[in-house]
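Text of work-v9.cif (mmCIF, C-alpha atoms) as supplied:
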data_input
loop_
_atom_site.label_atom_id
_atom_site.label_comp_id
_atom_site.auth_asym_id
_atom_site.auth_seq_id
_atom_site.Cartn_x
_atom_site.Cartn_y
_atom_site.Cartn_z
CA MET A 1 82.74 98.44 135.98
CA TYR A 2 81.81 96.98 132.60
CA GLN A 3 81.22 93.33 133.34
CA ASN A 4 78.20 92.24 131.29
CA PRO A 5 78.76 89.95 128.30
CA THR A 6 77.90 91.42 124.91
CA GLU A 7 74.58 90.43 123.36
CA LEU A 8 75.87 89.49 119.94
CA VAL A 9 72.65 88.14 118.50
CA THR A 10 69.35 89.98 118.79
CA SER A 11 66.52 88.05 120.40
CA GLY A 12 63.09 88.69 121.87
CA GLU A 13 60.17 90.66 120.51
CA PRO A 14 60.74 93.32 117.82
CA ASP A 15 60.02 96.97 118.50
CA ILE A 16 58.97 97.40 114.86
CA LYS A 17 58.03 94.77 112.27
CA TYR A 18 58.08 95.21 108.48
CA ASN A 19 56.34 92.49 106.48
CA THR A 20 58.04 93.46 103.20
CA ILE A 21 61.29 95.18 102.33
CA ASN A 22 59.29 97.75 100.37
CA GLU A 23 57.63 98.89 103.59
CA LEU A 24 61.05 99.55 105.11
CA VAL A 25 62.47 101.25 102.01
CA ASP A 26 59.34 103.40 101.60
CA LYS A 27 59.53 104.42 105.24
CA GLY A 28 63.19 105.37 104.82
CA ASN A 29 62.56 107.33 101.64
CA SER A 30 59.48 109.15 102.85
CA GLU A 31 60.84 110.32 106.19
CA ILE A 32 63.69 112.75 106.74
CA ASP A 33 66.79 111.11 108.22
CA SER A 34 66.38 112.51 111.70
CA VAL A 35 62.80 111.29 112.05
CA PHE A 36 63.56 107.80 110.74
CA ASN A 37 66.64 107.53 112.93
CA ALA A 38 64.88 108.78 116.07
CA ASN A 39 62.33 105.98 115.65
CA HIS A 40 64.67 103.19 114.54
CA VAL A 41 68.28 103.57 115.80
CA GLY A 42 69.01 101.11 118.57
CA LYS A 43 65.58 99.49 118.18
CA LYS A 44 64.92 95.81 117.43
CA ILE A 45 63.58 95.64 113.89
CA GLN A 46 62.11 92.53 112.26
CA PHE A 47 61.85 92.53 108.49
CA HIS A 48 61.22 90.18 105.62
CA ALA A 49 63.85 90.33 102.89
CA MET A 50 65.51 88.58 99.98
CA VAL A 51 69.23 87.80 100.00
CA GLU A 52 71.21 89.58 97.28
CA SER A 53 74.67 88.42 98.37
CA THR A 54 76.72 87.59 101.44
CA THR A 55 80.24 88.29 102.60
CA SER A 56 82.33 87.67 105.68
CA ASN A 57 85.55 88.64 107.40
CA GLU A 58 87.20 87.93 110.76
CA SER A 59 84.78 90.05 112.75
CA GLY A 60 81.56 88.73 111.24
CA SER A 61 79.42 88.34 108.16
CA THR A 62 77.03 90.54 106.22
CA ILE A 63 73.94 89.96 104.12
CA PHE A 64 73.30 92.47 101.35
CA VAL A 65 69.52 92.59 101.17
CA ASN A 66 67.76 93.08 97.87
CA SER A 67 66.21 96.49 98.44
CA GLY A 68 64.34 96.58 95.14
CA SER A 69 66.02 99.90 94.39
CA GLU A 70 69.42 100.68 92.84
CA ASN A 71 69.64 103.75 95.03
CA THR A 72 69.18 101.99 98.36
CA ILE A 73 71.68 99.69 100.03
CA ILE A 74 70.54 97.58 102.97
CA THR A 75 73.10 95.63 104.96
CA ALA A 76 72.54 93.24 107.84
CA ALA A 77 75.60 92.30 109.89
CA PHE A 78 76.01 89.14 111.96
CA ASP A 79 78.35 88.01 114.67
CA ALA A 80 81.20 85.75 113.51
CA SER A 81 79.56 82.79 115.30
CA LEU A 82 76.79 82.89 112.65
CA SER A 83 79.06 83.21 109.60
CA ASN A 84 78.57 79.63 108.41
CA GLU A 85 74.80 79.98 108.53
CA VAL A 86 74.97 83.31 106.67
CA LEU A 87 77.40 82.15 104.01
CA ASP A 88 75.18 79.11 103.33
CA LEU A 89 72.39 81.41 102.16
CA LYS A 90 71.96 81.52 98.41
CA PRO A 91 70.97 84.64 96.48
CA SER A 92 67.16 85.03 96.25
CA THR A 93 66.59 83.13 99.51
CA GLU A 94 63.76 84.76 101.42
CA ILE A 95 64.47 85.41 105.08
CA ASP A 96 63.04 87.06 108.16
CA LEU A 97 65.64 88.92 110.16
CA LEU A 98 65.64 90.38 113.65
CA CYS A 99 68.32 93.05 114.01
CA VAL A 100 69.26 96.23 115.79
CA CYS A 101 69.03 99.24 113.47
CA ASN A 102 72.10 101.43 112.97
CA GLY A 103 70.11 104.05 111.08
CA ILE A 104 69.71 105.54 107.65
CA ALA A 105 72.13 107.77 105.77
CA LYS A 106 71.15 109.68 102.65
CA PRO A 107 73.34 111.63 100.21
CA GLU A 108 73.85 115.15 101.51
CA ASP A 109 74.98 116.84 98.30
CA PRO A 110 74.38 116.18 94.61
CA ASP A 111 78.14 115.66 94.17
CA ASP A 112 78.43 113.04 96.92
CA LEU A 113 80.41 109.97 95.85
CA LEU A 114 78.15 107.99 98.18
CA SER A 115 75.08 108.62 96.08
CA GLU A 116 72.99 105.81 97.57
CA THR A 117 70.81 105.78 100.66
CA THR A 118 72.09 103.20 103.14
CA ILE A 119 70.12 101.49 105.89
CA SER A 120 72.22 99.23 108.07
CA PHE A 121 71.50 96.73 110.80
CA ASN A 122 73.74 94.74 113.11
CA ARG A 123 73.65 91.94 115.69
CA CYS A 124 71.18 90.21 113.38
CA SER A 125 69.61 86.79 113.76
CA ILE A 126 67.84 84.76 111.09
CA ILE A 127 64.45 83.85 112.46
CA ASN A 128 63.04 82.25 109.33
CA LYS A 129 64.28 81.27 105.87
CA ASN A 130 62.63 79.78 102.79
CA MET B 1 87.12 122.24 77.02
CA ALA B 2 84.39 122.31 79.65
CA LEU B 3 82.53 119.60 77.75
CA ILE B 4 85.60 117.36 77.66
CA PHE B 5 86.07 117.87 81.39
CA ALA B 6 82.39 117.07 82.05
CA ILE B 7 82.60 113.88 79.98
CA GLY B 8 85.76 112.86 81.82
CA GLN B 9 84.03 113.41 85.15
CA SER B 10 80.96 111.41 84.19
CA PHE B 11 83.05 108.37 83.24
CA ALA B 12 85.34 108.55 86.25
CA GLN B 13 85.72 105.17 87.86
CA VAL B 14 84.16 104.99 91.32
CA PHE B 15 85.20 102.44 93.93
CA LYS B 16 82.84 101.66 96.79
CA THR B 17 82.22 99.40 99.77
CA SER B 18 79.57 98.93 102.43
CA THR B 19 81.73 96.66 104.57
CA GLY B 20 84.75 98.80 105.36
CA GLU B 21 86.28 98.51 108.80
CA VAL B 22 86.94 101.27 111.32
CA SER B 23 88.28 100.53 114.80
CA PHE B 24 88.82 102.82 117.71
CA ILE B 25 91.13 102.19 120.57
CA SER B 26 91.17 103.86 123.97
CA LYS B 27 94.20 103.33 126.21
CA THR B 28 94.66 104.58 129.74
CA ASP B 29 96.73 103.30 132.66
CA PHE B 30 93.57 101.73 134.12
CA GLU B 31 91.71 100.31 131.16
CA SER B 32 92.14 99.76 127.44
CA PHE B 33 89.49 98.76 124.98
CA GLU B 34 88.86 98.51 121.27
CA ALA B 35 85.62 98.63 119.30
CA VAL B 36 85.29 97.42 115.72
CA ASN B 37 82.83 98.50 113.05
CA ASN B 38 82.68 96.57 109.77
CA GLN B 39 79.65 98.34 108.27
CA VAL B 40 81.41 101.43 107.00
CA THR B 41 80.43 102.73 103.58
CA ALA B 42 83.19 104.38 101.61
CA ALA B 43 83.82 105.67 98.12
CA TYR B 44 86.88 106.81 96.18
CA SER B 45 87.10 108.48 92.79
CA LEU B 46 89.51 110.93 91.20
CA LYS B 47 91.39 111.82 94.42
CA LYS B 48 88.10 112.29 96.30
CA LEU B 49 87.17 110.16 99.31
CA GLN B 50 84.03 109.80 101.35
CA PHE B 51 83.16 107.70 104.40
CA ARG B 52 80.00 107.08 106.42
CA VAL B 53 80.37 105.33 109.76
CA PRO B 54 77.21 104.12 111.51
CA ILE B 55 77.91 104.66 115.20
CA ASN B 56 75.69 101.82 116.40
CA ALA B 57 77.70 99.33 114.33
CA PHE B 58 80.70 99.61 116.69
CA ILE B 59 80.91 96.33 118.55
CA PHE B 60 82.46 96.33 122.01
CA GLU B 61 83.54 93.35 124.03
CA LYS B 62 81.41 94.60 126.92
CA LYS B 63 77.76 95.34 126.25
CA LEU B 64 77.35 97.94 128.97
CA MET B 65 80.29 99.89 127.61
CA GLN B 66 78.72 99.69 124.13
CA THR B 67 75.41 100.98 125.47
CA HIS B 68 77.09 103.89 127.26
CA PHE B 69 79.13 104.70 124.17
CA GLN B 70 76.14 104.71 121.84
CA GLU B 71 73.50 106.31 124.02
CA ASN B 72 75.36 108.58 126.42
CA TYR B 73 78.59 109.70 124.77
CA MET B 74 77.82 109.55 121.04
CA GLU B 75 74.04 110.14 121.32
CA SER B 76 73.59 107.82 118.34
CA SER B 77 69.82 108.37 118.05
CA LYS B 78 70.56 112.05 117.39
CA PHE B 79 73.85 111.60 115.51
CA PRO B 80 73.71 108.07 114.03
CA ASN B 81 76.57 108.51 111.56
CA ALA B 82 80.07 109.93 111.59
CA SER B 83 81.34 110.97 108.20
CA PHE B 84 84.39 112.17 106.32
CA LYS B 85 84.52 113.87 102.96
CA GLY B 86 87.80 115.02 101.50
CA SER B 87 90.37 115.04 98.73
CA ILE B 88 93.96 113.94 98.41
CA ILE B 89 96.21 117.00 98.69
CA SER B 90 99.54 115.24 98.81
CA PRO B 91 101.22 114.15 96.66
CA GLU B 92 99.85 116.81 94.32
CA ASP B 93 100.38 114.63 91.27
CA PHE B 94 98.83 111.54 92.91
CA LYS B 95 97.81 108.76 90.59
CA ILE B 96 96.53 105.48 91.96
CA SER B 97 98.78 102.48 91.28
CA SER B 98 99.51 98.95 92.41
CA LYS B 99 102.08 100.37 94.83
CA GLU B 100 100.92 101.26 98.35
CA GLN B 101 101.31 105.02 98.37
CA PRO B 102 101.25 107.35 101.38
CA VAL B 103 98.78 110.19 100.92
CA THR B 104 97.45 113.14 102.88
CA VAL B 105 93.73 113.72 102.62
CA LYS B 106 92.18 117.04 103.62
CA GLY B 107 88.51 117.28 104.37
CA THR B 108 85.73 117.56 106.91
CA LEU B 109 85.40 114.97 109.65
CA ASN B 110 81.97 115.00 111.27
CA ILE B 111 81.55 113.19 114.56
CA HIS B 112 78.73 113.71 117.07
CA GLY B 113 77.29 116.38 114.79
CA VAL B 114 80.46 118.49 114.94
CA ASP B 115 82.37 119.35 111.76
CA LYS B 116 86.14 119.67 111.98
CA GLU B 117 88.56 120.36 109.16
CA SER B 118 91.12 117.57 109.25
CA GLU B 119 94.20 116.32 107.44
CA ILE B 120 94.52 112.55 107.63
CA VAL B 121 97.56 110.58 106.55
CA GLY B 122 96.99 107.13 105.11
CA THR B 123 97.77 104.87 102.18
CA ILE B 124 96.01 103.92 98.96
CA GLN B 125 96.79 100.89 96.86
CA ASN B 126 95.16 99.44 93.76
CA THR B 127 95.22 95.65 94.18
CA PRO B 128 93.75 92.84 92.07
CA ASP B 129 90.91 92.67 94.65
CA GLY B 130 90.14 96.40 94.60
CA VAL B 131 91.34 99.67 96.06
CA VAL B 132 92.68 99.36 99.60
CA LEU B 133 92.44 102.41 101.87
CA LYS B 134 94.25 102.44 105.21
CA ALA B 135 94.74 105.14 107.81
CA ASN B 136 95.69 105.54 111.45
CA PHE B 137 95.00 108.79 113.23
CA THR B 138 93.95 110.20 116.58
CA ILE B 139 90.92 112.24 117.51
CA ILE B 140 90.36 114.23 120.69
CA LEU B 141 86.92 113.63 122.16
CA SER B 142 86.50 117.22 123.38
CA ASP B 143 87.02 118.49 119.79
CA TYR B 144 83.70 116.83 118.98
CA GLN B 145 81.91 117.82 122.19
CA ILE B 146 81.87 114.22 123.39
CA GLY B 147 81.68 114.34 127.15
CA VAL B 148 82.92 111.60 129.43
CA PRO B 149 81.68 111.58 133.04
CA SER B 150 84.36 112.70 135.49
CA ASN B 151 84.32 109.33 137.29
CA LEU B 152 85.33 107.60 134.03
CA THR B 153 88.04 109.96 132.78
CA ALA B 154 90.71 107.66 134.21
CA LYS B 155 89.30 104.76 132.19
CA ILE B 156 88.39 106.41 128.88
CA SER B 157 91.12 108.30 127.08
CA GLN B 158 90.51 111.75 125.64
CA ASN B 159 92.72 110.71 122.72
CA ILE B 160 91.13 107.94 120.70
CA ASP B 161 93.19 106.10 118.09
CA ILE B 162 91.27 105.39 114.90
CA LYS B 163 92.22 102.65 112.43
CA VAL B 164 90.68 102.52 108.96
CA ASN B 165 90.93 99.55 106.60
CA ALA B 166 88.64 99.29 103.60
CA LEU B 167 88.62 97.35 100.34
CA LEU B 168 86.66 99.23 97.69
CA LEU B 169 85.36 97.59 94.52
CA SER B 170 84.77 99.19 91.15
CA LYS B 171 81.11 100.21 90.65
#
Spit out the file's structure as structure tokens when you get a sec.
Amino acid sequence: MYQNPTELVTSGEPDIKYNTINELVDKGNSEIDSVFNANHVGKKIQFHAMVESTTSNESGSTIFVNSGSENTIITAAFDASLSNEVLDLKPSTEIDLLCVCNGIAKPEDPDDLLSETTISFNRCSIINKN
Amino acid sequence: MALIFAIGQSFAQVFKTSTGEVSFISKTDFESFEAVNNQVTAAYSLKKLQFRVPINAFIFEKKLMQTHFQENYMESSKFPNASFKGSIISPEDFKISSKEQPVTVKGTLNIHGVDKESEIVGTIQNTPDGVVLKANFTIILSDYQIGVPSNLTAKISQNIDIKVNALLLSK
């Protein structure tokens, strides 16, 4: 029944485009989770960002994006086939990414150990880098 | 005394990751499949544990299966994250060490918007790279009101095996 190959790298036109990371972070902070997620989860999002760090494992690689805020973590995950390209990126490199959004998660209680807001993306592609 | 306790709490070491891995495995006589998610955020401090699992970050081998999982079964636009929040209840005198120790964690597992009190058995180990958390457990889809169409019940198990493997760094 399930015969289609997986689309591992996002391509095509974005559903939403953010020209700066601040636009994305502000949107996430200003909207309640359910509203942000209803408009973003599963959608193709293009955003401009700065690399903070990169990491990889067997199943793929991840860029930690500089969110400009200690309380917000933004991760962009890539298929393992793109790991070399991702790991070549140096901190402070400016990039444009096209990804599928996994959604936002905010702390629910003041005593949460996970005290940061997280916005995560997967199946990302690098469409521009400087 | 309360002040000393408060100071101790405020300086408690917290270990975190945003790249933890959770896999789920479905096995039936007709079809078996596994999906992997390496965008799990997790934190550990003072016997307390917390996980957030973005549902759309599960990667399947077959795209159509992934789409059905995210949109139809898990309704990820409505419930984009699963979560767990709990504390180690066994051993009672647990102290983290370089030895891989079996632990039982009691807490609330939220999947598909449904909270369920759960006890999960796993291991914790303090390594030179960070704190390693591992667990294997099974969930029952109907416990979380996750419906599978009747024509697919032979291919998608009601009992899903979950594997957790996360390396948490000191923050």
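You can rank B:Asn165, B:Asn56, B:Gln145, B:Ser18 by their closest distance to Leu133 of chain B using all atoms listed in the file, and at the top of that list sits B:Asn165.
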Chain B near chain A within 9 Å: what's each residue's closest atom pair and its distance in Å to one decimal, counting only C-alpha atoms, ordered by chain then ascending residue number, as CSV?
residue,atom,partner,partner_atom,distance
B:Val14,CA,A:Leu113,CA,7.7
B:Lys16,CA,A:Leu114,CA,8.0
B:Ser18,CA,A:Thr75,CA,7.7
B:Thr19,CA,A:Thr62,CA,7.9
B:Val36,CA,A:Ser59,CA,8.0
B:Asn37,CA,A:Ser59,CA,8.7
B:Asn38,CA,A:Ser59,CA,7.5
B:Gln39,CA,A:Ala77,CA,7.5
B:Thr41,CA,A:Leu114,CA,7.9
B:Ala42,CA,A:Leu114,CA,7.1
B:Ala43,CA,A:Leu113,CA,5.9
B:Tyr44,CA,A:Leu113,CA,7.2
B:Ser45,CA,A:Leu113,CA,7.5
B:Lys48,CA,A:Leu113,CA,8.0
B:Leu49,CA,A:Leu113,CA,7.6
B:Gln50,CA,A:Leu113,CA,6.6
B:Phe51,CA,A:Leu114,CA,8.0
B:Arg52,CA,A:Ala105,CA,7.9
B:Pro54,CA,A:Asn102,CA,6.0
B:Ile55,CA,A:Asn102,CA,7.0
B:Asn56,CA,A:Asn102,CA,5.0
B:Ala57,CA,A:Asn102,CA,6.1
B:Ile59,CA,A:Thr6,CA,8.6
B:Phe60,CA,A:Thr6,CA,7.3
B:Glu61,CA,A:Thr6,CA,6.0
B:Lys62,CA,A:Thr6,CA,5.1
B:Lys63,CA,A:Thr6,CA,4.1
B:Leu64,CA,A:Tyr2,CA,5.8
B:Met65,CA,A:Tyr2,CA,6.0
B:Gln66,CA,A:Thr6,CA,8.3
B:Gln70,CA,A:Gly42,CA,8.6
B:Glu71,CA,A:Gly42,CA,8.8
B:Ser76,CA,A:Val41,CA,7.3
B:Ser77,CA,A:Ala38,CA,5.3
B:Lys78,CA,A:Ala38,CA,6.7
B:Phe79,CA,A:Ser34,CA,8.4
B:Pro80,CA,A:Gly103,CA,6.2
B:Asn81,CA,A:Ala105,CA,7.3
B:Lys85,CA,A:Asp112,CA,8.6
- Message: For a quick check of understanding, using all atoms listed in the file, which of B:Phe94, B:Tyr144, B:Phe33, B:Phe15 has the smallest distance to Ala166 of chain B?
- Response: B:Phe15
- Message: Can you tell me which residues surround Lys129 of chain A at a distance of at most 9 Å, considering only C-alpha atoms, apart from same-chain residues fewer than 4 positions away, and format the answer as a ChimeraX atom specification?
- Response: /A:89,93-97
- Item | Selection under test: the PyMOL selection byres ((chain B and resi 101) around 10); residues as an MDAnalysis selection string | chainID B and resid 91 94:100 102:103 122:126 133
- Task: Just the residues within 10 Å of Asn72 of chain B, please, counting only C-alpha atoms, with nothing from its chain fewer than 6 positions along; format it as a PyMOL selection string.
- Result: chain B and resi 66+146-149
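Counting all atoms listed in the file, the residue from A:Ile126, A:Ile21, A:Ile32, A:Ile16 that sits nearest to Leu82 of chain A is A:Ile126.
One distance worth recording is that between atom CA of Ser118 of chain B and atom CA of Ser90 of chain B, which is 13.6 Å.
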Once you add 4 Å to each side, what are the centre and edge lengths of the axis-aligned box holding all listed atoms of segment 73-81 of chain A? One decimal in Å, as AutoDock Vina command-line options, if you can.
--center_x 75.9 --center_y 91.2 --center_z 107.7 --size_x 18.7 --size_y 24.9 --size_z 23.3
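Residue nearest Thr10 of chain A within the list A:Ile45, A:Val86, A:Ala80, A:Met50: A:Ile45 [criterion: smallest interatomic distance, all atoms listed in the file].
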- Find the distance between atom CA of Gly113 of chain B and atom CA of Asp109 of chain A and write it in Å to one decimal. 16.7 Å
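We find atom CA of Ser170 of chain B and atom CA of Val131 of chain B to be spaced 8.2 Å apart.
Restricting the calculation to only C-alpha atoms, the smallest distance between Lys106 of chain B and any of B:Ser87, B:Asn136, B:Asn151, B:Asn159 is found for B:Ser87.
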